[in-house]
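Engineer: The structure is given below, and queries will be raised subsequently.
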Amino acid sequence: MDVFAELESAAGQALLAQLREHDPADELAVATRLRRTYDAGLVSAALAQARLRQRAVAKFGAEDAYRMYFTPNGVEQSTRASVAAHRAARFKELGVRRLADLCGGIGGDAIALARAGIQVLAVDRDAPTCAAARANAAALGLADLIEVRCADVTEVDTAGYDAVFVDPARRTGRGRTFDPEAYSPPLSRALTAARTVPVAAVKVAPGIPHEAVPEDAEAEWVADGGDVKEAALWFGTAPGRVRATLLPSGAALTGRGLPDPEVRPVGRFLYEPDGAVIRAHLVAEAAEEIGGGLIDETIAYLTADELRPTPYATAYAIDEVLPFGLKRLKALLREREVGTLTVKKRGSAVEPEEVRRRVKPRGPNAATVFLTRVAGAPAMMLGRPAGEGDTQTYRTYQT
């Protein structure tokens, strides 16, 4: 806790400013030089914080990350700023003015909530983490909106708050846990806290089974830049609703209870649904958007004859559909002078690194190969990201 106070001092701020662009590879020389002017303990603390800030840029952006304070666990476990901002906007739209942020960590979610104009009580039981959260609230000019309390979240009275957000720790001494009752606090306790206020959200692992979602909850999966970041159970919104939200666009696909899409022959275009769409079991809704179907009943690739813009899937123009065979693929790539090869797989045991090693792509052109199953048979599809000019037909090689 004293470390953050020292870093907030004039000397600490001067050190951190000097270390903003430093190269960790030169750390020994930098430390030796700085210790001629500054206290050795302060130099060590500033170097450690500089390393954490550099890592935090990916989550918080440079403008915030280089003003904030972190713990090692705080960098790893905090919510990405874009996801926190999305959640804060939802709370604001729901009329929330006062919120209890349980398991608040270094304050990533509290910052987004406060910036949305919500008064936040941020609770965590780890003293250094609470110190970092207080320092962050002050550094970002949000201390008037964020109260940090160091306490066991199970002992916090949330009466008088419009909403609760709970982000249980999903790591134990042995690493990440997939047992919701091994969360800290256990998921059952988090859900109890959520049901005591008008609106609530509980963060859970993206891999949560759909059968584990409570009937009175809305389940939302959130992806940012194509990567699934989290799932959240919402209370006080739309019980039973399933939703996939894609950032940064904010596009949201909602379940309508559609039956599984039909399996059909591979068309001119292949669509790869966003991971959040797949996790939310909304592939059927994405298929309806593009007027397409599945290439295989067990594979989450969609196909269609038309190119229809959609935020929920990435479209590829397919030039070849072949039975699986690396020798055949190698010959085709040599014929097309493909040197930059992107390998995607779904339903195939072959690893992308092994494919590249064996086919040895060379040449000036680029292509994407999909290793998958088509109508139950191992297959390869060769293509590229779709563009407006993709109207020519593709070739299909029958087994």
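Naming works like this for the structure tokens: A, B, ... for the chains as they're shown, residue 1 at the start of each chain, ligands 1 onward in shown order.
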Find the residues near Arg256 in chain A: any atom within 9 Å, counting only C-alpha atoms, skip ones fewer than 3 places away on the same chain, and give them as number ranges by chain.
Structural biologist: A: 241-242, 282, 285
Engineer: Neighbours of range 216-229 of chain A within 9 Å (only C-alpha atoms; same-chain residues fewer than 6 positions away dropped), as a JSON list (two decimals) with C-alpha atoms, in the first residue's frame?
Structural biologist:
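Saved to part39.json:
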[["chain", "number", "residue", "atom", "x", "y", "z"],
["A", 79, "THR", "CA", -11.77, -6.26, -17.53],
["A", 80, "ARG", "CA", -10.74, -4.84, -20.90],
["A", 82, "SER", "CA", -13.95, -1.54, -24.07],
["A", 83, "VAL", "CA", -15.91, -4.38, -22.44],
["A", 205, "ALA", "CA", -16.42, -17.78, -17.79],
["A", 206, "PRO", "CA", -17.31, -17.71, -21.53],
["A", 210, "HIS", "CA", -26.08, -23.09, -21.26],
["A", 235, "PHE", "CA", -30.84, -9.88, -13.81],
["A", 236, "GLY", "CA", -33.67, -7.39, -14.07],
["A", 237, "THR", "CA", -33.44, -7.25, -17.87],
["A", 238, "ALA", "CA", -34.95, -10.04, -20.01],
["A", 239, "PRO", "CA", -35.08, -13.44, -18.28],
["A", 240, "GLY", "CA", -34.25, -16.28, -20.65],
["A", 241, "ARG", "CA", -32.84, -14.07, -23.37],
["A", 242, "VAL", "CA", -29.53, -15.03, -25.02],
["A", 243, "ARG", "CA", -27.42, -12.35, -26.63],
["A", 244, "ALA", "CA", -24.07, -11.99, -28.41],
["A", 245, "THR", "CA", -22.51, -8.53, -28.39],
["A", 246, "LEU", "CA", -19.64, -7.69, -30.72],
["A", 247, "LEU", "CA", -17.27, -4.85, -29.95],
["A", 248, "PRO", "CA", -16.18, -2.32, -31.00],
["A", 249, "SER", "CA", -19.25, -1.98, -33.24],
["A", 274, "ASP", "CA", -17.94, -14.65, -34.50],
["A", 275, "GLY", "CA", -16.90, -16.60, -31.42],
["A", 276, "ALA", "CA", -19.52, -14.86, -29.27],
["A", 277, "VAL", "CA", -22.23, -15.93, -31.73],
["A", 279, "ARG", "CA", -20.78, -19.45, -27.67],
["A", 280, "ALA", "CA", -24.27, -17.98, -27.44]]
Engineer: Which residue is closest to Leu142 in chain A? Choose from A:Arg373, A:Arg115, A:Lys344, A:Arg33 and count only C-alpha atoms.
Structural biologist: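 Residue with the minimum atom-to-atom distance to Leu142 in chain A: A:Arg115.
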Engineer: My list of candidates is A:Ala45, A:Ala85, A:Leu307, A:Leu52. Which is closest to Leu15 in chain A when distances are computed with only C-alpha atoms?
Structural biologist: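 Of all the options, A:Ala45 lies closest to Leu15 in chain A.
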Engineer: What lies within 7 Å of range 100-111 of chain A using only C-alpha atoms, ignoring chain neighbours under 5 positions off, as a list in words?
Structural biologist: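 Near range 100-111 of chain A, the qualifying residues are Phe70, Gly74, Ser78, Thr79, Ala81, Ala84, Val120, Leu121, Ala122, Val123, Asp124, Thr129, Cys130, Ala132, Ala133, Ala137, Ile146, Val153, Thr158, Tyr161, Ala163, Val164, Phe165, Val166, Asp167 and Pro168 of chain A.
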Engineer: Quick one, how far is CA of Tyr316 in chain A from CA of Thr303 in chain A?
Structural biologist: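 About the pair CA of Tyr316 in chain A and CA of Thr303 in chain A: they are 9.4 Å apart.
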Engineer: By how many Å are CA of Ala377 in chain A and CA of Pro323 in chain A apart?
Structural biologist: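 These two atoms are separated by 7.6 Å.
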Engineer: Near Ala375 in chain A, counting only C-alpha atoms, which residues have an atom at most 12 Å away, once you skip same-chain residues fewer than 2 positions from it, shown as a VMD selection string?
Structural biologist: chain A and resid 262 to 266 293 to 299 301 323 347 372 to 373 377 to 379 399
Engineer: Per DSSP on the backbone, filter range 319-349 of chain A down to the residues in helix (DSSP H, G or I) and report them as a list in words.
Structural biologist: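 Filtering range 319-349 of chain A down to helix (DSSP H, G or I) leaves Leu326, Lys327, Arg328, Leu329, Lys330, Ala331, Leu332, Leu333, Arg334, Glu335 and Arg336 of chain A.
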Engineer: Quick one: pick out all strand (DSSP E or B) residues within range 99-292 of chain A from a backbone DSSP run and write them as a count of residues only.
Structural biologist: 63
Engineer: Determine, counting only C-alpha atoms, which protein, DNA and RNA residues have an atom within 12 Å of an atom of Thr177 in chain A; residues of the same chain fewer than 4 positions away are not included. Present the result as JSON, numbers by chain.
Structural biologist: {"A": [168, 169, 170, 171, 172, 173, 181, 182, 183, 184, 186, 204, 205, 207, 208]}
Engineer: May I ask which of the residues A:Val57, A:Val202, A:Leu145, A:Ala139 is the closest one to Ser188 in chain A, counting only C-alpha atoms?
Structural biologist: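 Result for the nearest residue to Ser188 in chain A: A:Val202.
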Engineer: Just give me the gap between CA of Ala89 in chain A and CA of Ala116 in chain A in Å, one decimal is fine.
Structural biologist: 6.6 Å
